[in-house]
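A.B. asks: Following this message is one structure expressed as structure tokens.
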Amino acid sequence: MRKKKVVIALGHEALGTTLPEQKVATKKTAKAVADLAEAGYQIVISHSNGPQVGMIHTAMAEFCRLYPEYTATPMSVCSAMSQGYIGYDLQNAIRTELLGRGIYKTVSTILTQVCVDPYDEAFYHPSKVIGRVMTEEEAEAEEKKGNHVVKTENGYRRIVAAPKPIDIVEMDAIRTLCDADQIVIACGGGGIPVLTQANKLKGASAVIEKDLAAGKLAELLDADMFVILTGEDKVCLNYNTAEEKPLSKITVAEAKAYIAEGQFEEGTILPKIQAAVDFIGDSAVKTALITRLDKSREAMEGTTGTIICK
């Protein structure tokens, strides 16, 4: 009997912010992943990297400022660094948890590049704030380099584009490992954004919305279920108001209608809903599940969480 393929998108709660927090958080996350492995699912994991890539970018920018002879570190390289050290903690935590349960299964992290369209509208309207706070003089220097800068409460910060993912370079490797029943960690932080130029790949000064990249991963893998683990038990209408209404199950059509009504906040729940809708498409058998990390087992059993289906 064929095992069901599940792509899990881990949010900030699964990783923490600082290095010590990440060590603790990944141990808890490993338990949720091991539960699914124990239940017989083939698992591919994607994860956020917001605080981590910001920390790396800030550190590398400060290093370059102190030592001008070193060149600045591109965003694509910062993304690669974040994938490596998050994957390192995550795969070791999952391996330890699995072995503790008597499950012998390889866990691998794949440094993943995600192709974006150079003509994506996002490149003309950068929106993602990154890096350290700069003075006005430093901001002007950044703009002279061709980078975009925005004024914030404390000073100035860089902003980069957030284009949509269109393809995943290492997809064949991810699929092969998954079919071999290994647990795979891929597309961390939305993947390393790259542009295709003839037979070369060029890193893009951008970040990819992690949930959209995870949804593309689930689509290309032909997964049976796309699981988005976040900080809430269920998706809610009229969130954080007196009329708040938790949703246990919605159709793709209902989700699209709620999006049109502006029910879901941009930058938080909206990308998750959009990723789920894109993944399901016209399929009558694919489903998406949105729930809290520590409720993932109950949600897979149908007692909590929000299920989205055609």
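We label chains A, B, ... in the order they appear in the structure tokens, count residues from 1 in each chain, and number ligands from 1 in the order shown.
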Mind the document's chain letters and residue numbers, and return as a PyMOL selection string the residues of region 79-298 of chain A that DSSP labels alpha helix (DSSP H).

C.D. replies: chain A and resi 79-100+136-144+171-179+210-221+252-261+270-280+296-298

A.B. asks: Within 6 Å of region 271-288 of chain A, counting only C-alpha atoms, which residues show up once you throw out same-chain ones fewer than 4 positions away? Write them as a list in words, please.

C.D. replies: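 Neighbouring residues, sequence-local ones excluded: Asp211, Leu212, Gly215, Glu219, Asp224, Met225, Phe226, Val227, Val252, Ile307, Ile308, Cys309 and Lys310 of chain A.
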
A.B. asks: Selected residues, C-alpha atoms, written as a PDB file, in the first residue's frame, please.

C.D. replies:
ATOM      1  CA  ASP A 211       4.226  29.372   2.626  1.00  0.00           C
ATOM      2  CA  LEU A 212       3.992  29.902  -1.144  1.00  0.00           C
ATOM      3  CA  GLY A 215       2.856  25.055  -1.408  1.00  0.00           C
ATOM      4  CA  GLU A 219       2.378  20.703  -5.710  1.00  0.00           C
ATOM      5  CA  ASP A 224      -1.603  14.086  -0.721  1.00  0.00           C
ATOM      6  CA  MET A 225      -1.734  16.679   2.054  1.00  0.00           C
ATOM      7  CA  PHE A 226      -0.187  20.064   2.758  1.00  0.00           C
ATOM      8  CA  VAL A 227       0.089  20.780   6.489  1.00  0.00           C
ATOM      9  CA  VAL A 252     -11.522  26.240  -1.981  1.00  0.00           C
ATOM     10  CA  ILE A 307      -9.215  21.510   6.732  1.00  0.00           C
ATOM     11  CA  ILE A 308      -9.352  23.023   3.220  1.00  0.00           C
ATOM     12  CA  CYS A 309     -10.553  20.889   0.326  1.00  0.00           C
ATOM     13  CA  LYS A 310     -12.197  21.274  -3.081  1.00  0.00           C
TER      14      LYS A 310
END

A.B. asks: Fewer than 6 positions away in the same chain doesn't count, so skip those; otherwise give me all residues within 8 Å of Ile94 (chain A), counting only C-alpha atoms, as a PyMOL selection string.

C.D. replies: chain A and resi 26-27+29-31+33-34+107

A.B. asks: To one decimal place, how far is CA of Ala37 (chain A) from CA of Lys295 (chain A) in Å?

C.D. replies: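 Atom-to-atom, CA of Ala37 (chain A) and CA of Lys295 (chain A) are spaced 15.6 Å apart.
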
A.B. asks: What separation in Å, quoted to one decimal, exists between CA of Thr58 (chain A) and CA of Val160 (chain A)?

C.D. replies: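 These atoms are spaced 14.2 Å apart.
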
A.B. asks: Residues of region 156-243 of chain A that have any atom at most 12 Å from an atom of region 12-24 of chain A: could you tabulate them with the shortest-distance atom pair and the distance in Å to one decimal, using only C-alpha atoms, ordered by chain and increasing number, as CSV?

C.D. replies:
residue,atom,partner,partner_atom,distance
A:Gly188,CA,A:Leu15,CA,11.6
A:Gly189,CA,A:His12,CA,10.4
A:Lys210,CA,A:His12,CA,10.9
A:Asp211,CA,A:His12,CA,11.8
A:Ile228,CA,A:Ala14,CA,11.2
A:Leu229,CA,A:Ala14,CA,8.1
A:Thr230,CA,A:Glu13,CA,6.8
A:Gly231,CA,A:Glu13,CA,6.6
A:Glu232,CA,A:Glu13,CA,10.3

A.B. asks: Would you write out those residues with C-alpha atoms, as a PDB file, in the first residue's frame?

C.D. replies:
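What follows is the written file out_11.pdb:
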ATOM      1  CA  GLY A 188      13.814  26.474   3.985  1.00  0.00           C
ATOM      2  CA  GLY A 189      12.793  30.106   4.328  1.00  0.00           C
ATOM      3  CA  LYS A 210       7.818  30.634   2.751  1.00  0.00           C
ATOM      4  CA  ASP A 211       4.226  29.372   2.626  1.00  0.00           C
ATOM      5  CA  ILE A 228       0.788  24.334   7.688  1.00  0.00           C
ATOM      6  CA  LEU A 229       1.746  24.521  11.354  1.00  0.00           C
ATOM      7  CA  THR A 230       1.271  27.931  12.911  1.00  0.00           C
ATOM      8  CA  GLY A 231       0.387  29.604  16.218  1.00  0.00           C
ATOM      9  CA  GLU A 232      -3.394  29.079  16.193  1.00  0.00           C
TER      10      GLU A 232
END

A.B. asks: At most 10 Å is the cut-off: for each residue in region 202-248 of chain A with any atom that close to an atom of region 176-186 of chain A, write down the nearest atom pair and the distance in Å rounded to one decimal, counting only C-alpha atoms, chain first then increasing number, as a tab-separated table.

C.D. replies:
residue	atom	partner	partner_atom	distance
A:Ala213	CA	A:Ala186	CA	9.9
A:Ala214	CA	A:Ala186	CA	8.7
A:Leu217	CA	A:Ala186	CA	8.5
A:Leu221	CA	A:Cys178	CA	8.9
